[in-house]
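What's in start_5.cif: mmCIF, C-alpha atoms
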```cif
data_data
#
loop_
_atom_site.label_atom_id
_atom_site.label_comp_id
_atom_site.auth_asym_id
_atom_site.auth_seq_id
_atom_site.Cartn_x
_atom_site.Cartn_y
_atom_site.Cartn_z
CA MET Y 1 59.73 -14.36 -19.90
CA SER Y 2 57.70 -15.68 -17.01
CA VAL Y 3 60.26 -14.15 -14.66
CA ALA Y 4 59.69 -10.75 -16.27
CA ILE Y 5 55.89 -11.11 -16.03
CA THR Y 6 56.17 -12.19 -12.40
CA PHE Y 7 58.45 -9.25 -11.68
CA ILE Y 8 56.00 -6.80 -13.32
CA LEU Y 9 53.01 -8.29 -11.50
CA ASN Y 10 54.84 -8.19 -8.15
CA PHE Y 11 55.87 -4.60 -8.81
CA ILE Y 12 52.27 -3.59 -9.63
CA LYS Y 13 50.93 -5.52 -6.63
CA ASN Y 14 53.44 -3.90 -4.27
CA LYS Y 15 52.69 -0.41 -5.64
CA VAL Y 16 48.91 -0.99 -5.41
CA LEU Y 17 49.24 -2.23 -1.83
CA GLU Y 18 51.50 0.71 -1.05
CA ILE Y 19 48.94 3.14 -2.50
CA ILE Y 20 46.06 1.47 -0.66
CA LYS Y 21 47.96 1.60 2.63
CA SER Y 22 48.86 5.24 2.05
CA LYS Y 23 47.10 7.88 4.15
CA TYR Y 24 46.51 9.98 1.02
CA PHE Y 25 44.52 7.16 -0.57
CA LEU Y 26 42.36 6.83 2.53
CA VAL Y 27 41.81 10.61 2.55
CA PHE Y 28 40.90 10.44 -1.16
CA VAL Y 29 38.40 7.63 -0.50
CA LEU Y 30 36.92 9.53 2.44
CA PHE Y 31 36.56 12.75 0.41
CA SER Y 32 35.09 10.77 -2.48
CA LEU Y 33 32.46 9.24 -0.19
CA ILE Y 34 31.63 12.63 1.31
CA ALA Y 35 31.37 14.21 -2.16
CA PHE Y 36 29.13 11.37 -3.35
CA MET Y 37 26.88 11.78 -0.30
CA VAL Y 38 26.68 15.57 -0.78
CA PHE Y 39 25.77 15.24 -4.46
CA PHE Y 40 23.21 12.54 -3.65
CA ILE Y 41 21.61 14.74 -0.97
CA ILE Y 42 21.58 17.75 -3.33
CA PHE Y 43 19.90 15.65 -6.02
CA GLN Y 44 17.33 14.37 -3.53
CA LEU Y 45 16.60 17.90 -2.29
CA LYS Y 46 16.13 19.18 -5.85
CA SER Y 47 13.73 16.37 -6.69
CA LYS Y 48 11.80 16.96 -3.44
CA ASP Y 49 11.70 20.71 -4.18
CA ILE Y 50 10.25 20.03 -7.63
CA LYS Y 51 7.65 17.71 -6.11
CA ILE Y 52 6.74 20.31 -3.45
CA LYS Y 53 6.28 22.98 -6.15
CA GLU Y 54 4.02 20.63 -8.14
CA LEU Y 55 1.97 19.89 -5.03
CA GLU Y 56 1.70 23.60 -4.18
CA GLU Y 57 0.47 24.32 -7.71
CA THR Y 58 -2.05 21.49 -7.49
CA LEU Y 59 -3.21 22.74 -4.10
CA TYR Y 60 -3.59 26.31 -5.41
CA THR Y 61 -5.60 25.21 -8.45
CA THR Y 62 -7.74 22.94 -6.29
CA GLN Y 63 -8.43 25.82 -3.90
CA LEU Y 64 -9.43 28.01 -6.87
CA LYS Y 65 -11.76 25.32 -8.19
CA LEU Y 66 -13.33 24.86 -4.76
CA SER Y 67 -13.72 28.62 -4.35
CA ASN Y 68 -15.42 28.81 -7.74
CA ILE Y 69 -17.76 25.96 -6.80
CA VAL Y 70 -18.65 27.65 -3.51
CA ILE Y 71 -19.28 30.96 -5.28
CA GLN Y 72 -21.46 29.26 -7.90
CA LYS Y 73 -23.46 27.47 -5.18
CA ASN Y 74 -23.86 30.74 -3.29
CA ILE Y 75 -25.06 32.54 -6.42
CA ALA Y 76 -27.52 29.72 -7.16
CA PHE Y 77 -28.77 29.82 -3.56
CA VAL Y 78 -29.29 33.60 -3.63
CA SER Y 79 -31.01 33.33 -7.01
CA ASN Y 80 -33.37 30.62 -5.73
CA LYS Y 81 -33.97 32.60 -2.54
CA ASN Y 82 -34.88 35.72 -4.52
CA TYR Y 83 -37.11 33.67 -6.82
CA ILE Y 84 -39.02 32.10 -3.92
CA GLU Y 85 -39.20 35.42 -2.06
CA ASN Y 86 -40.62 37.10 -5.15
CA ILE Y 87 -43.26 34.38 -5.58
CA TYR Y 88 -44.37 34.53 -1.95
CA THR Y 89 -44.39 38.34 -1.98
CA ASN Y 90 -46.62 38.36 -5.05
CA SER Y 91 -48.87 35.70 -3.50
CA SER Y 92 -49.07 37.59 -0.21
CA LYS Y 93 -50.08 40.78 -1.99
CA SER Y 94 -52.77 38.90 -3.92
CA ILE Y 95 -54.11 37.27 -0.74
CA GLU Y 96 -54.27 40.62 1.05
CA LYS Y 97 -56.51 41.96 -1.73
CA LEU Y 98 -59.08 39.22 -1.15
CA ASN Y 99 -61.79 39.72 1.43
CA ASP Y 100 -62.85 37.03 3.84
CA ASN Y 101 -66.64 37.24 3.61
CA LYS Y 102 -67.60 37.62 0.02
CA GLU Y 103 -68.20 35.57 -3.06
CA TYR Y 104 -65.32 35.48 -5.44
CA ASN Y 105 -65.62 36.51 -9.03
CA SER Y 106 -63.71 34.87 -11.88
CA ASN Y 107 -60.81 37.34 -11.62
CA GLU Y 108 -60.28 36.51 -7.95
CA ILE Y 109 -60.54 32.79 -8.64
CA MET Y 110 -57.85 33.20 -11.30
CA THR Y 111 -55.78 35.04 -8.67
CA LEU Y 112 -56.13 32.11 -6.27
CA ASP Y 113 -55.20 29.73 -9.06
CA LYS Y 114 -52.11 31.85 -9.77
CA ILE Y 115 -51.18 31.73 -6.07
CA ILE Y 116 -51.43 27.94 -6.07
CA LYS Y 117 -49.29 27.71 -9.20
CA ASP Y 118 -46.74 30.08 -7.68
CA TYR Y 119 -46.64 27.96 -4.53
CA ASN Y 120 -46.06 24.82 -6.58
CA ASN Y 121 -43.34 26.60 -8.57
CA ALA Y 122 -41.67 27.72 -5.36
CA ARG Y 123 -41.51 24.14 -4.14
CA SER Y 124 -39.37 23.27 -7.18
CA PRO Y 125 -37.37 26.38 -8.19
CA PRO Y 126 -35.53 26.46 -11.53
CA ARG Y 127 -31.97 25.20 -11.64
#
```
How does the structure come out when it is put into structure tokens?
Amino acid sequence: MSVAITFILNFIKNKVLEIIKSKYFLVFVLFSLIAFMVFFIIFQLKSKDIKIKELEETLYTTQLKLSNIVIQKNIAFVSNKNYIENIYTNSSKSIEKLNDNKEYNSNEIMTLDKIIKDYNNARSPPR
């Protein structure tokens, strides 16, 4: 029985060594390595492509958010500018109506008071 087992094991060992030494086995191993490398590279490229698309989407949404912030700031600036311009225009018109060498009546004093209030409002415009 041990002779039969030894014979079978020697037969398998000789056939395995014969297959390993065969040029077809080496070609198979080489093609297997190349195929593994190609599939690995394809997988890596797909994962990088997905990551690039995510980053592009994040960049696009960030650019939109920044554009919206800039537009909102610009609108607020123009609004504040118009508010201050309106106050100073009204104050300038009121000042032009006043004469230099005369006593002021209560209406003109109220006008001066309004100009002072407008000036103080212009220093801290509404948000």
request  = One decimal, Å: what's the distance from CA of Ile87 (chain Y) over to CA of Asn74 (chain Y), could you say?
outcome  = 19.9 Å
key: Residue nearest Ile84 (chain Y) among Y:Met110, Y:Lys48, Y:Asn121, Y:Thr61 (counting all atoms listed in the file)   =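 The shortest atom-to-atom distance to Ile84 (chain Y) comes from Y:Asn121.
The two atoms in question, CA of Thr58 (chain Y) and CA of Gln72 (chain Y), are spaced 20.9 Å apart.
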request  = For CA of Lys65 (chain Y) and CA of Lys46 (chain Y), determine how far apart the two atoms are, in Å to one decimal place.
outcome  =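 The value is 28.7 Å.
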Resolved residues for the PyMOL selection byres ((chain Y and resi 118) around 10) as a compact mmCIF listing (two decimals) with C-alpha atoms, in the coordinates of the input:
```
# COMPACT_ATOMS: atom_id res chain seq x y z
CA ILE Y 84 -39.02 32.10 -3.92
CA ASN Y 86 -40.62 37.10 -5.15
CA ILE Y 87 -43.26 34.38 -5.58
CA TYR Y 88 -44.37 34.53 -1.95
CA ASN Y 90 -46.62 38.36 -5.05
CA SER Y 91 -48.87 35.70 -3.50
CA LEU Y 112 -56.13 32.11 -6.27
CA ASP Y 113 -55.20 29.73 -9.06
CA LYS Y 114 -52.11 31.85 -9.77
CA ILE Y 115 -51.18 31.73 -6.07
CA ILE Y 116 -51.43 27.94 -6.07
CA LYS Y 117 -49.29 27.71 -9.20
CA TYR Y 119 -46.64 27.96 -4.53
CA ASN Y 120 -46.06 24.82 -6.58
CA ASN Y 121 -43.34 26.60 -8.57
CA ALA Y 122 -41.67 27.72 -5.36
CA ARG Y 123 -41.51 24.14 -4.14
```
Could you please fill out region 105-116 of chain Y with all heavy atoms and send it back as a PDB file, in the frame of the given file?
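And here's rebuild-v4.pdb as it stands now:
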```
ATOM      1  N   ASN Y 105     -65.316  36.478  -7.604  1.00  0.00           N
ATOM      2  CA  ASN Y 105     -65.620  36.510  -9.030  1.00  0.00           C
ATOM      3  C   ASN Y 105     -64.538  35.732  -9.786  1.00  0.00           C
ATOM      4  O   ASN Y 105     -63.583  35.222  -9.198  1.00  0.00           O
ATOM      5  CB  ASN Y 105     -65.763  37.947  -9.538  1.00  0.00           C
ATOM      6  CG  ASN Y 105     -64.478  38.744  -9.369  1.00  0.00           C
ATOM      7  OD1 ASN Y 105     -63.406  38.184  -9.283  1.00  0.00           O
ATOM      8  ND2 ASN Y 105     -64.615  40.062  -9.332  1.00  0.00           N
ATOM      9  N   SER Y 106     -64.654  35.685 -11.089  1.00  0.00           N
ATOM     10  CA  SER Y 106     -63.710  34.870 -11.880  1.00  0.00           C
ATOM     11  C   SER Y 106     -62.290  35.429 -11.816  1.00  0.00           C
ATOM     12  O   SER Y 106     -61.318  34.668 -11.841  1.00  0.00           O
ATOM     13  CB  SER Y 106     -64.184  34.784 -13.326  1.00  0.00           C
ATOM     14  OG  SER Y 106     -64.185  36.071 -13.917  1.00  0.00           O
ATOM     15  N   ASN Y 107     -62.144  36.729 -11.716  1.00  0.00           N
ATOM     16  CA  ASN Y 107     -60.810  37.340 -11.620  1.00  0.00           C
ATOM     17  C   ASN Y 107     -60.124  36.931 -10.327  1.00  0.00           C
ATOM     18  O   ASN Y 107     -58.925  36.632 -10.306  1.00  0.00           O
ATOM     19  CB  ASN Y 107     -60.945  38.862 -11.716  1.00  0.00           C
ATOM     20  CG  ASN Y 107     -59.597  39.536 -11.893  1.00  0.00           C
ATOM     21  OD1 ASN Y 107     -58.646  38.894 -12.319  1.00  0.00           O
ATOM     22  ND2 ASN Y 107     -59.537  40.810 -11.565  1.00  0.00           N
ATOM     23  N   GLU Y 108     -60.870  36.908  -9.237  1.00  0.00           N
ATOM     24  CA  GLU Y 108     -60.280  36.510  -7.950  1.00  0.00           C
ATOM     25  C   GLU Y 108     -59.973  35.029  -7.919  1.00  0.00           C
ATOM     26  O   GLU Y 108     -58.987  34.597  -7.313  1.00  0.00           O
ATOM     27  CB  GLU Y 108     -61.227  36.911  -6.824  1.00  0.00           C
ATOM     28  CG  GLU Y 108     -61.334  38.429  -6.670  1.00  0.00           C
ATOM     29  CD  GLU Y 108     -62.468  38.841  -5.766  1.00  0.00           C
ATOM     30  OE1 GLU Y 108     -63.428  38.060  -5.606  1.00  0.00           O
ATOM     31  OE2 GLU Y 108     -62.389  39.947  -5.219  1.00  0.00           O
ATOM     32  N   ILE Y 109     -60.809  34.234  -8.570  1.00  0.00           N
ATOM     33  CA  ILE Y 109     -60.540  32.790  -8.640  1.00  0.00           C
ATOM     34  C   ILE Y 109     -59.266  32.553  -9.449  1.00  0.00           C
ATOM     35  O   ILE Y 109     -58.438  31.709  -9.096  1.00  0.00           O
ATOM     36  CB  ILE Y 109     -61.741  32.046  -9.250  1.00  0.00           C
ATOM     37  CG1 ILE Y 109     -62.904  32.083  -8.251  1.00  0.00           C
ATOM     38  CG2 ILE Y 109     -61.380  30.604  -9.586  1.00  0.00           C
ATOM     39  CD1 ILE Y 109     -64.187  31.509  -8.771  1.00  0.00           C
ATOM     40  N   MET Y 110     -59.096  33.314 -10.514  1.00  0.00           N
ATOM     41  CA  MET Y 110     -57.850  33.200 -11.300  1.00  0.00           C
ATOM     42  C   MET Y 110     -56.650  33.615 -10.452  1.00  0.00           C
ATOM     43  O   MET Y 110     -55.564  33.039 -10.555  1.00  0.00           O
ATOM     44  CB  MET Y 110     -57.953  34.062 -12.567  1.00  0.00           C
ATOM     45  CG  MET Y 110     -58.904  33.467 -13.599  1.00  0.00           C
ATOM     46  SD  MET Y 110     -59.201  34.511 -15.029  1.00  0.00           S
ATOM     47  CE  MET Y 110     -57.601  34.968 -15.538  1.00  0.00           C
ATOM     48  N   THR Y 111     -56.853  34.615  -9.570  1.00  0.00           N
ATOM     49  CA  THR Y 111     -55.780  35.040  -8.670  1.00  0.00           C
ATOM     50  C   THR Y 111     -55.407  33.908  -7.714  1.00  0.00           C
ATOM     51  O   THR Y 111     -54.218  33.634  -7.480  1.00  0.00           O
ATOM     52  CB  THR Y 111     -56.207  36.287  -7.878  1.00  0.00           C
ATOM     53  OG1 THR Y 111     -56.550  37.309  -8.789  1.00  0.00           O
ATOM     54  CG2 THR Y 111     -55.101  36.767  -6.963  1.00  0.00           C
ATOM     55  N   LEU Y 112     -56.414  33.253  -7.164  1.00  0.00           N
ATOM     56  CA  LEU Y 112     -56.130  32.110  -6.270  1.00  0.00           C
ATOM     57  C   LEU Y 112     -55.433  30.997  -7.039  1.00  0.00           C
ATOM     58  O   LEU Y 112     -54.507  30.351  -6.513  1.00  0.00           O
ATOM     59  CB  LEU Y 112     -57.432  31.599  -5.650  1.00  0.00           C
ATOM     60  CG  LEU Y 112     -58.019  32.464  -4.545  1.00  0.00           C
ATOM     61  CD1 LEU Y 112     -59.399  31.943  -4.148  1.00  0.00           C
ATOM     62  CD2 LEU Y 112     -57.092  32.492  -3.350  1.00  0.00           C
ATOM     63  N   ASP Y 113     -55.847  30.761  -8.247  1.00  0.00           N
ATOM     64  CA  ASP Y 113     -55.200  29.730  -9.060  1.00  0.00           C
ATOM     65  C   ASP Y 113     -53.737  30.099  -9.311  1.00  0.00           C
ATOM     66  O   ASP Y 113     -52.850  29.243  -9.251  1.00  0.00           O
ATOM     67  CB  ASP Y 113     -55.958  29.574 -10.387  1.00  0.00           C
ATOM     68  CG  ASP Y 113     -55.449  28.399 -11.176  1.00  0.00           C
ATOM     69  OD1 ASP Y 113     -55.234  27.326 -10.572  1.00  0.00           O
ATOM     70  OD2 ASP Y 113     -55.231  28.548 -12.399  1.00  0.00           O
ATOM     71  N   LYS Y 114     -53.492  31.385  -9.569  1.00  0.00           N
ATOM     72  CA  LYS Y 114     -52.110  31.850  -9.770  1.00  0.00           C
ATOM     73  C   LYS Y 114     -51.280  31.663  -8.503  1.00  0.00           C
ATOM     74  O   LYS Y 114     -50.110  31.262  -8.552  1.00  0.00           O
ATOM     75  CB  LYS Y 114     -52.116  33.325 -10.177  1.00  0.00           C
ATOM     76  CG  LYS Y 114     -50.742  33.883 -10.454  1.00  0.00           C
ATOM     77  CD  LYS Y 114     -50.818  35.335 -10.846  1.00  0.00           C
ATOM     78  CE  LYS Y 114     -49.468  35.931 -11.100  1.00  0.00           C
ATOM     79  NZ  LYS Y 114     -48.585  35.975  -9.990  1.00  0.00           N
ATOM     80  N   ILE Y 115     -51.884  31.917  -7.340  1.00  0.00           N
ATOM     81  CA  ILE Y 115     -51.180  31.730  -6.070  1.00  0.00           C
ATOM     82  C   ILE Y 115     -50.803  30.275  -5.884  1.00  0.00           C
ATOM     83  O   ILE Y 115     -49.677  29.948  -5.478  1.00  0.00           O
ATOM     84  CB  ILE Y 115     -52.043  32.241  -4.893  1.00  0.00           C
ATOM     85  CG1 ILE Y 115     -52.163  33.771  -4.968  1.00  0.00           C
ATOM     86  CG2 ILE Y 115     -51.444  31.825  -3.553  1.00  0.00           C
ATOM     87  CD1 ILE Y 115     -53.164  34.340  -4.001  1.00  0.00           C
ATOM     88  N   ILE Y 116     -51.710  29.390  -6.202  1.00  0.00           N
ATOM     89  CA  ILE Y 116     -51.430  27.940  -6.070  1.00  0.00           C
ATOM     90  C   ILE Y 116     -50.315  27.539  -7.023  1.00  0.00           C
ATOM     91  O   ILE Y 116     -49.406  26.785  -6.647  1.00  0.00           O
ATOM     92  CB  ILE Y 116     -52.722  27.129  -6.306  1.00  0.00           C
ATOM     93  CG1 ILE Y 116     -53.707  27.374  -5.163  1.00  0.00           C
ATOM     94  CG2 ILE Y 116     -52.412  25.647  -6.433  1.00  0.00           C
ATOM     95  CD1 ILE Y 116     -55.096  26.826  -5.410  1.00  0.00           C
TER      96      ILE Y 116
END
```
